[in-house]
$ cat input15.txt   # compact mmCIF, C-alpha atoms and all ligand atoms
# COMPACT_ATOMS: atom_id res chain seq x y z
CA MET A 1 106.03 92.53 88.36
CA MET A 2 106.32 93.51 84.69
CA GLU A 3 109.03 95.14 82.59
CA ASP A 4 108.01 98.48 81.07
CA LYS A 5 108.01 98.23 77.26
CA ARG A 6 109.70 101.64 76.94
CA TRP A 7 112.89 100.91 78.87
CA LYS A 8 115.05 97.89 79.59
CA GLY A 9 115.35 97.14 83.29
CA VAL A 10 112.38 99.25 84.45
CA TYR A 11 109.76 97.24 86.31
CA SER A 12 106.33 98.13 87.70
CA PHE A 13 103.81 96.26 89.82
CA GLU A 14 100.63 97.16 87.98
CA ASP A 15 99.87 93.45 87.74
CA SER A 16 99.72 93.18 91.54
CA PRO A 17 96.28 94.17 92.92
CA PHE A 18 97.68 94.19 96.45
CA ILE A 19 100.48 96.66 95.63
CA MET A 20 98.07 98.77 93.54
CA GLU A 21 95.73 98.93 96.53
CA ILE A 22 98.54 100.28 98.73
CA LEU A 23 99.41 102.82 96.02
CA THR A 24 95.77 103.91 95.84
CA GLU A 25 95.76 104.60 99.58
CA LEU A 26 98.99 106.61 99.27
CA ARG A 27 97.55 108.67 96.40
CA ASP A 28 94.38 109.53 98.33
CA LYS A 29 94.69 113.10 99.63
CA ASP A 30 92.65 112.13 102.71
CA THR A 31 95.15 109.49 103.86
CA ASP A 32 96.75 110.75 107.07
CA SER A 33 100.47 110.66 107.98
CA ILE A 34 100.25 107.49 110.05
CA SER A 35 98.54 105.52 107.29
CA PHE A 36 100.86 107.08 104.71
CA ARG A 37 103.97 105.94 106.60
CA LYS A 38 102.46 102.50 107.15
CA GLY A 39 101.78 102.27 103.40
CA LEU A 40 105.42 103.08 102.63
CA VAL A 41 106.63 100.45 105.12
CA LYS A 42 104.31 97.89 103.49
CA LEU A 43 105.60 98.75 100.03
CA GLY A 44 109.20 98.39 101.19
CA ARG A 45 108.39 94.97 102.55
CA TYR A 46 106.35 93.61 99.64
CA MET A 47 108.43 95.13 96.87
CA GLY A 48 111.52 93.84 98.68
CA TYR A 49 109.97 90.38 98.75
CA GLU A 50 109.27 90.63 95.01
CA LEU A 51 112.88 91.70 94.45
CA THR A 52 114.13 88.46 96.00
CA LYS A 53 112.55 86.65 93.04
CA THR A 54 115.12 88.34 90.78
CA MET A 55 118.04 87.28 92.98
CA GLU A 56 120.40 84.37 92.62
CA VAL A 57 119.62 81.30 94.68
CA GLU A 58 121.87 78.43 95.63
CA LYS A 59 120.60 74.86 96.02
CA ILE A 60 121.65 73.21 99.28
CA LYS A 61 120.98 69.96 101.08
CA VAL A 62 118.99 70.12 104.29
CA GLU A 63 118.34 67.43 106.91
CA THR A 64 114.76 67.32 108.12
CA PRO A 65 114.17 65.25 111.29
CA LEU A 66 113.22 62.43 108.86
CA GLU A 67 115.52 62.60 105.84
CA GLU A 68 117.77 64.69 103.65
CA THR A 69 116.10 66.89 101.04
CA GLU A 70 116.85 69.82 98.75
CA GLY A 71 116.66 73.38 100.01
CA VAL A 72 117.65 76.82 98.76
CA VAL A 73 119.56 79.81 100.04
CA ALA A 74 118.71 83.14 98.47
CA LYS A 75 122.34 84.15 98.81
CA ASP A 76 122.08 87.63 97.28
CA ARG A 77 119.54 88.50 99.98
CA LYS A 78 122.40 88.45 102.49
CA ASN A 79 124.59 90.87 100.53
CA VAL A 80 122.54 94.02 100.30
CA VAL A 81 123.35 97.67 100.87
CA ILE A 82 120.34 99.97 101.18
CA ILE A 83 120.84 103.67 100.56
CA THR A 84 118.13 105.75 102.22
CA VAL A 85 117.61 109.07 100.50
CA LEU A 86 116.23 111.36 103.18
CA ARG A 87 113.53 111.97 104.13
CA ALA A 88 110.63 110.02 102.69
CA ALA A 89 112.68 106.86 102.09
CA ILE A 90 112.92 106.18 105.85
CA PRO A 91 109.64 104.17 106.04
CA LEU A 92 110.48 102.41 102.74
CA MET A 93 113.83 101.34 104.23
CA GLU A 94 112.08 100.11 107.36
CA GLY A 95 110.04 97.75 105.18
CA LEU A 96 112.99 96.69 103.02
CA ILE A 97 115.09 95.77 106.01
CA LYS A 98 112.45 93.24 107.11
CA VAL A 99 113.30 91.28 103.96
CA PHE A 100 117.01 92.10 103.78
CA GLU A 101 117.76 91.82 107.47
CA ASN A 102 121.55 91.67 106.95
CA ALA A 103 121.59 94.85 104.90
CA ARG A 104 124.14 97.53 105.61
CA VAL A 105 122.47 100.91 105.41
CA GLY A 106 123.75 104.19 104.01
CA ILE A 107 122.07 107.55 104.49
CA ILE A 108 122.21 110.42 102.02
CA SER A 109 120.48 113.74 102.37
CA ALA A 110 119.92 115.36 99.02
CA SER A 111 117.64 118.31 98.68
CA ARG A 112 116.26 119.61 95.44
CA GLY A 113 116.07 123.35 94.87
CA LYS A 114 113.23 125.16 93.16
CA ALA A 115 112.20 124.99 89.48
CA PRO A 116 113.43 125.46 86.83
CA GLU A 117 117.03 124.68 87.94
CA PHE A 118 116.20 121.97 90.51
CA GLU A 119 119.71 122.31 91.86
CA ILE A 120 120.71 119.44 94.16
CA GLU A 121 122.46 119.99 97.44
CA MET A 122 123.95 116.99 99.20
CA LYS A 123 124.68 117.70 102.84
CA TYR A 124 125.01 114.40 104.65
CA VAL A 125 126.55 111.25 103.21
CA LYS A 126 127.24 108.15 105.29
CA VAL A 127 127.66 105.13 103.07
CA PRO A 128 129.27 101.76 103.93
CA GLN A 129 131.83 100.14 101.67
CA ILE A 130 130.16 98.53 98.67
CA LYS A 131 131.54 95.10 97.69
CA PRO A 132 131.45 93.30 94.32
CA GLU A 133 128.96 90.72 95.65
CA ASP A 134 126.53 93.38 96.92
CA THR A 135 123.18 94.36 95.53
CA LEU A 136 122.83 98.08 96.05
CA ILE A 137 119.24 99.23 96.60
CA ILE A 138 118.71 102.97 96.52
CA ALA A 139 115.38 103.73 98.18
CA ASP A 140 113.74 106.96 97.07
CA PRO A 141 109.94 107.06 96.85
CA MET A 142 109.56 109.63 94.08
CA ILE A 143 111.64 109.46 90.89
CA ALA A 144 110.65 112.86 89.54
CA THR A 145 113.23 114.86 87.53
CA GLY A 146 115.86 112.17 88.22
CA SER A 147 118.37 114.85 89.20
CA THR A 148 118.60 113.79 92.88
CA LEU A 149 119.12 110.17 91.95
CA THR A 150 121.67 111.00 89.24
CA LYS A 151 123.68 112.84 91.88
CA VAL A 152 123.21 110.02 94.43
CA LEU A 153 124.39 107.47 91.84
CA GLU A 154 127.45 109.58 91.09
CA GLU A 155 128.22 109.75 94.83
CA VAL A 156 127.73 106.05 95.68
CA LYS A 157 130.10 105.02 92.86
CA LYS A 158 132.91 106.31 95.09
CA TYR A 159 132.20 103.55 97.64
CA GLY A 160 132.71 100.53 95.38
CA LYS A 161 131.21 98.65 92.45
CA PRO A 162 128.29 96.37 93.35
CA LYS A 163 126.90 93.37 91.47
CA ARG A 164 123.61 95.20 90.78
CA VAL A 165 122.33 98.73 91.28
CA ILE A 166 118.60 98.97 91.91
CA ILE A 167 116.50 102.06 92.48
CA LEU A 168 113.34 101.23 94.39
CA GLY A 169 110.60 103.83 94.56
CA VAL A 170 106.87 104.29 94.71
CA LEU A 171 106.28 106.32 91.55
CA ALA A 172 108.39 107.51 88.64
CA ALA A 173 107.87 110.10 85.93
CA PRO A 174 109.02 109.15 82.41
CA GLU A 175 111.29 112.23 82.42
CA GLY A 176 113.13 110.99 85.52
CA ILE A 177 113.62 107.50 84.12
CA GLU A 178 114.99 108.93 80.85
CA ARG A 179 117.45 111.10 82.76
CA ILE A 180 118.71 108.28 84.99
CA LYS A 181 118.91 105.71 82.18
CA LYS A 182 120.77 108.09 79.86
CA GLU A 183 123.68 108.35 82.27
CA ASN A 184 123.31 104.98 84.03
CA PRO A 185 121.89 102.42 81.57
CA GLU A 186 122.87 99.52 83.85
CA VAL A 187 120.65 100.71 86.72
CA GLU A 188 117.45 98.73 87.32
CA ILE A 189 114.37 100.63 88.46
CA PHE A 190 111.48 99.11 90.42
CA VAL A 191 108.38 101.25 91.06
CA THR A 192 104.73 100.47 91.69
CA LYS A 193 103.84 102.45 88.55
CA VAL A 194 105.31 104.86 86.02
CA ASP A 195 103.02 107.90 86.15
CA ARG A 196 102.08 110.26 83.32
CA GLU A 197 104.33 113.31 83.60
CA LEU A 198 105.91 116.03 85.72
CA ASN A 199 104.30 119.39 86.30
CA LYS A 200 106.28 122.66 86.08
CA LYS A 201 107.17 122.49 89.77
CA GLY A 202 108.64 119.02 89.34
CA TYR A 203 105.77 117.09 90.92
CA ILE A 204 104.70 113.78 89.48
CA LEU A 205 101.17 113.65 87.96
CA PRO A 206 98.82 112.19 89.02
CA GLY A 207 101.31 111.32 91.78
CA LEU A 208 100.69 111.47 95.50
CA GLY A 209 101.97 114.93 96.38
CA ASP A 210 105.08 115.58 98.43
CA ALA A 211 105.97 112.19 99.90
CA GLY A 212 108.14 113.67 102.69
CA ASP A 213 105.48 116.14 103.77
CA ARG A 214 102.74 113.54 103.67
CA ALA A 215 104.77 111.07 105.73
CA PHE A 216 106.24 113.50 108.25
CA GLY A 217 104.33 116.79 107.97
CA ALA A 218 105.35 119.92 106.10
CA PRO A 219 108.48 121.61 107.53
CA VAL A 220 108.29 125.23 108.57
CA LYS A 221 110.98 127.73 107.70
CA VAL A 222 112.64 129.01 110.86
CA SER A 223 114.60 132.18 110.29
CA THR A 224 117.18 131.33 113.00
CA LEU A 225 118.36 128.34 110.96
CA PRO A 226 120.48 129.88 108.20
CA GLN A 227 120.38 126.96 105.73
CA MET A 228 116.89 125.61 106.28
CA HIS A 229 115.74 123.79 103.19
CA THR A 230 113.18 121.20 102.15
CA ILE A 231 114.53 117.69 101.77
CA GLU A 232 112.85 115.43 99.22
N1 LIG B 1 108.98 114.53 95.29
C1 LIG B 1 107.77 114.26 95.85
O1 LIG B 1 107.69 114.02 97.05
N2 LIG B 1 106.68 114.25 95.06
C2 LIG B 1 106.73 114.49 93.75
O2 LIG B 1 105.70 114.44 93.07
C3 LIG B 1 108.00 114.77 93.17
C4 LIG B 1 109.11 114.78 93.97

$ encode --input "input15.txt" --output "structure tokens"
Amino acid sequence: MMEDKRWKGVYSFEDSPFIMEILTELRDKDTDSISFRKGLVKLGRYMGYELTKTMEVEKIKVETPLEETEGVVAKDRKNVVIITVLRAAIPLMEGLIKVFENARVGIISASRGKAPEFEIEMKYVKVPQIKPEDTLIIADPMIATGSTLTKVLEEVKKYGKPKRVIILGVLAAPEGIERIKKENPEVEIFVTKVDRELNKKGYILPGLGDAGDRAFGAPVKVSTLPQMHTIE
């Protein structure tokens, strides 16, 4: 894990061949949905494990069958709230929860409209109370324009003030990081890599395409559903 020289509190995993290998598989256009979802679960698990290295630990005494020795409790690991931003964050959350098994989980659906406005519509919000000892992890695979996450951050503030706010994703565009950091400088961002740029449609380049579509299949518009929209 390494801090990006451009921003304080933005970390990537370019120094981890294992995580880069998973990213490479996710980028590959020939990777099917099953492997794509499995890749996201793996990233949730391994990035979550790496996150524990940044958490506070407490030294404790432990009795082995033979004698007393020193042990540790990673106490922040027990106080975690994971916010799952629908839809592509579901497999990421599945991996994260393997590491943070006590986590309380919130779900937010936030859909981004078309370019150039990228208007955000938030339709479903179920978030547990956030306590001062909590580490809040917002899982969203693609930090693109940053507008969804800015809105999600604004929303979760209503549920309490945590010890740390972390955004955990697969890829970020510099534009999205700038946007989030401008309004929320305290937020820490963990991604496998910061990619080059956004295209005009708001996709990250080189990226991996639409993470939700690749994990779950592209939705079809059904005319009988009046407010059908794509969730990112
Ligand atoms: N959301 C995605 O799924 N992919 C992108 O490249 C940008 C936003």

$ closest_atom_pairs --input "input15.txt" --of "chain A" --to "ligand LIG 1 (chain B)" --cutoff "6 Å" --atoms "all atoms listed in the file" --output "Markdown table"
| residue | atom | partner | partner_atom | distance |
| --- | --- | --- | --- | --- |
| A:Met142 | CA | B:LIG1 | N1 | 5.1 |
| A:Ala144 | CA | B:LIG1 | C3 | 4.9 |
| A:Gly202 | CA | B:LIG1 | C3 | 5.8 |
| A:Tyr203 | CA | B:LIG1 | O2 | 3.4 |
| A:Ile204 | CA | B:LIG1 | O2 | 3.8 |
| A:Gly207 | CA | B:LIG1 | O2 | 5.5 |
| A:Gly209 | CA | B:LIG1 | N2 | 4.9 |
| A:Asp210 | CA | B:LIG1 | O1 | 3.3 |
| A:Ala211 | CA | B:LIG1 | O1 | 3.8 |
| A:Gly212 | CA | B:LIG1 | O1 | 5.7 |
| A:Glu232 | CA | B:LIG1 | N1 | 5.6 |

$ atom_distance --input "input15.txt" --atom1 "CA of Lys151 in chain A" --atom2 "CA of Ile130 in chain A"
17.1 Å

$ closest_atom_pairs --input "input15.txt" --of "range 115-161 of chain A" --to "range 180-200 of chain A" --cutoff "8 Å" --atoms "all atoms listed in the file" --output "tab-separated table"
residue	atom	partner	partner_atom	distance
A:Ala115	CA	A:Lys200	CA	7.2
A:Pro116	CA	A:Lys200	CA	7.7
A:Ala144	CA	A:Leu198	CA	6.9
A:Thr145	CA	A:Leu198	CA	7.6
A:Gly146	CA	A:Ile180	CA	5.8
A:Ser147	CA	A:Ile180	CA	7.8
A:Leu149	CA	A:Ile180	CA	7.2
A:Thr150	CA	A:Ile180	CA	5.9

$ residues_near_point --input "input15.txt" --point "(105.8, 91.9, 84.9)" --cutoff "7 Å" --atoms "all atoms listed in the file" --output "mmCIF file with C-alpha atoms, keeping the file's coordinate frame"
data_model
loop_
_atom_site.group_PDB
_atom_site.id
_atom_site.type_symbol
_atom_site.label_atom_id
_atom_site.label_comp_id
_atom_site.auth_asym_id
_atom_site.auth_seq_id
_atom_site.Cartn_x
_atom_site.Cartn_y
_atom_site.Cartn_z
ATOM 1 C CA MET A 1 106.030 92.530 88.360
ATOM 2 C CA MET A 2 106.320 93.510 84.690
ATOM 3 C CA GLU A 3 109.030 95.140 82.590
ATOM 4 C CA TYR A 11 109.760 97.240 86.310
ATOM 5 C CA SER A 12 106.330 98.130 87.700
ATOM 6 C CA PHE A 13 103.810 96.260 89.820
ATOM 7 C CA ASP A 15 99.870 93.450 87.740
#

$ atom_distance --input "input15.txt" --atom1 "CA of Pro128 in chain A" --atom2 "CA of Ala74 in chain A"
22.1 Å

$ residues_around --input "input15.txt" --residues "Val152 in chain A" --least-positions-apart "6" --cutoff "10 Å" --atoms "only C-alpha atoms" --output "list in words"
Ile83, Val85, Ile108, Ser109, Ala110, Ile120, Met122, Val125, Ile138 and Gly146 of chain A

$ write_last_selection --input "input15.txt" --atoms "C-alpha atoms" --output "PDB file, in the frame of the given file"
ATOM      1  CA  ILE A  83     120.840 103.670 100.560  1.00  0.00           C
ATOM      2  CA  VAL A  85     117.610 109.070 100.500  1.00  0.00           C
ATOM      3  CA  ILE A 108     122.210 110.420 102.020  1.00  0.00           C
ATOM      4  CA  SER A 109     120.480 113.740 102.370  1.00  0.00           C
ATOM      5  CA  ALA A 110     119.920 115.360  99.020  1.00  0.00           C
ATOM      6  CA  ILE A 120     120.710 119.440  94.160  1.00  0.00           C
ATOM      7  CA  MET A 122     123.950 116.990  99.200  1.00  0.00           C
ATOM      8  CA  VAL A 125     126.550 111.250 103.210  1.00  0.00           C
ATOM      9  CA  ILE A 138     118.710 102.970  96.520  1.00  0.00           C
ATOM     10  CA  GLY A 146     115.860 112.170  88.220  1.00  0.00           C
TER      11      GLY A 146
END

$ residues_around --input "input15.txt" --residues "range 24-30 of chain A" --least-positions-apart "2" --cutoff "12 Å" --atoms "all atoms listed in the file" --output "number ranges by chain"
A: 14, 17-22, 32-43, 141, 170-171, 192-193, 195, 204-211, 213-215

$ write_last_selection --input "input15.txt" --atoms "C-alpha atoms" --output "mmCIF file, in the coordinates of the input"
data_model
loop_
_atom_site.group_PDB
_atom_site.id
_atom_site.type_symbol
_atom_site.label_atom_id
_atom_site.label_comp_id
_atom_site.auth_asym_id
_atom_site.auth_seq_id
_atom_site.Cartn_x
_atom_site.Cartn_y
_atom_site.Cartn_z
ATOM 1 C CA GLU A 14 100.630 97.160 87.980
ATOM 2 C CA PRO A 17 96.280 94.170 92.920
ATOM 3 C CA PHE A 18 97.680 94.190 96.450
ATOM 4 C CA ILE A 19 100.480 96.660 95.630
ATOM 5 C CA MET A 20 98.070 98.770 93.540
ATOM 6 C CA GLU A 21 95.730 98.930 96.530
ATOM 7 C CA ILE A 22 98.540 100.280 98.730
ATOM 8 C CA ASP A 32 96.750 110.750 107.070
ATOM 9 C CA SER A 33 100.470 110.660 107.980
ATOM 10 C CA ILE A 34 100.250 107.490 110.050
ATOM 11 C CA SER A 35 98.540 105.520 107.290
ATOM 12 C CA PHE A 36 100.860 107.080 104.710
ATOM 13 C CA ARG A 37 103.970 105.940 106.600
ATOM 14 C CA LYS A 38 102.460 102.500 107.150
ATOM 15 C CA GLY A 39 101.780 102.270 103.400
ATOM 16 C CA LEU A 40 105.420 103.080 102.630
ATOM 17 C CA VAL A 41 106.630 100.450 105.120
ATOM 18 C CA LYS A 42 104.310 97.890 103.490
ATOM 19 C CA LEU A 43 105.600 98.750 100.030
ATOM 20 C CA PRO A 141 109.940 107.060 96.850
ATOM 21 C CA VAL A 170 106.870 104.290 94.710
ATOM 22 C CA LEU A 171 106.280 106.320 91.550
ATOM 23 C CA THR A 192 104.730 100.470 91.690
ATOM 24 C CA LYS A 193 103.840 102.450 88.550
ATOM 25 C CA ASP A 195 103.020 107.900 86.150
ATOM 26 C CA ILE A 204 104.700 113.780 89.480
ATOM 27 C CA LEU A 205 101.170 113.650 87.960
ATOM 28 C CA PRO A 206 98.820 112.190 89.020
ATOM 29 C CA GLY A 207 101.310 111.320 91.780
ATOM 30 C CA LEU A 208 100.690 111.470 95.500
ATOM 31 C CA GLY A 209 101.970 114.930 96.380
ATOM 32 C CA ASP A 210 105.080 115.580 98.430
ATOM 33 C CA ALA A 211 105.970 112.190 99.900
ATOM 34 C CA ASP A 213 105.480 116.140 103.770
ATOM 35 C CA ARG A 214 102.740 113.540 103.670
ATOM 36 C CA ALA A 215 104.770 111.070 105.730
#

$ closest_residue --input "input15.txt" --among "A:Lys131, A:Lys123, A:Lys78, A:Lys114" --to "Lys158 in chain A" --atoms "all atoms listed in the file"
A:Lys131

$ atom_distance --input "input15.txt" --atom1 "CA of Lys53 in chain A" --atom2 "CA of Leu86 in chain A"
27.0 Å

$ residues_around --input "input15.txt" --residues "range 55-57 of chain A" --least-positions-apart "3" --cutoff "9 Å" --atoms "only C-alpha atoms" --output "list of chain:residue names"
A:Leu51, A:Thr52, A:Val72, A:Val73, A:Ala74, A:Lys75, A:Asp76, A:Arg77

$ closest_residue --input "input15.txt" --among "A:Gly113, A:Pro174, A:Gly9, A:Pro162" --to "Thr54 in chain A" --atoms "only C-alpha atoms"
A:Gly9
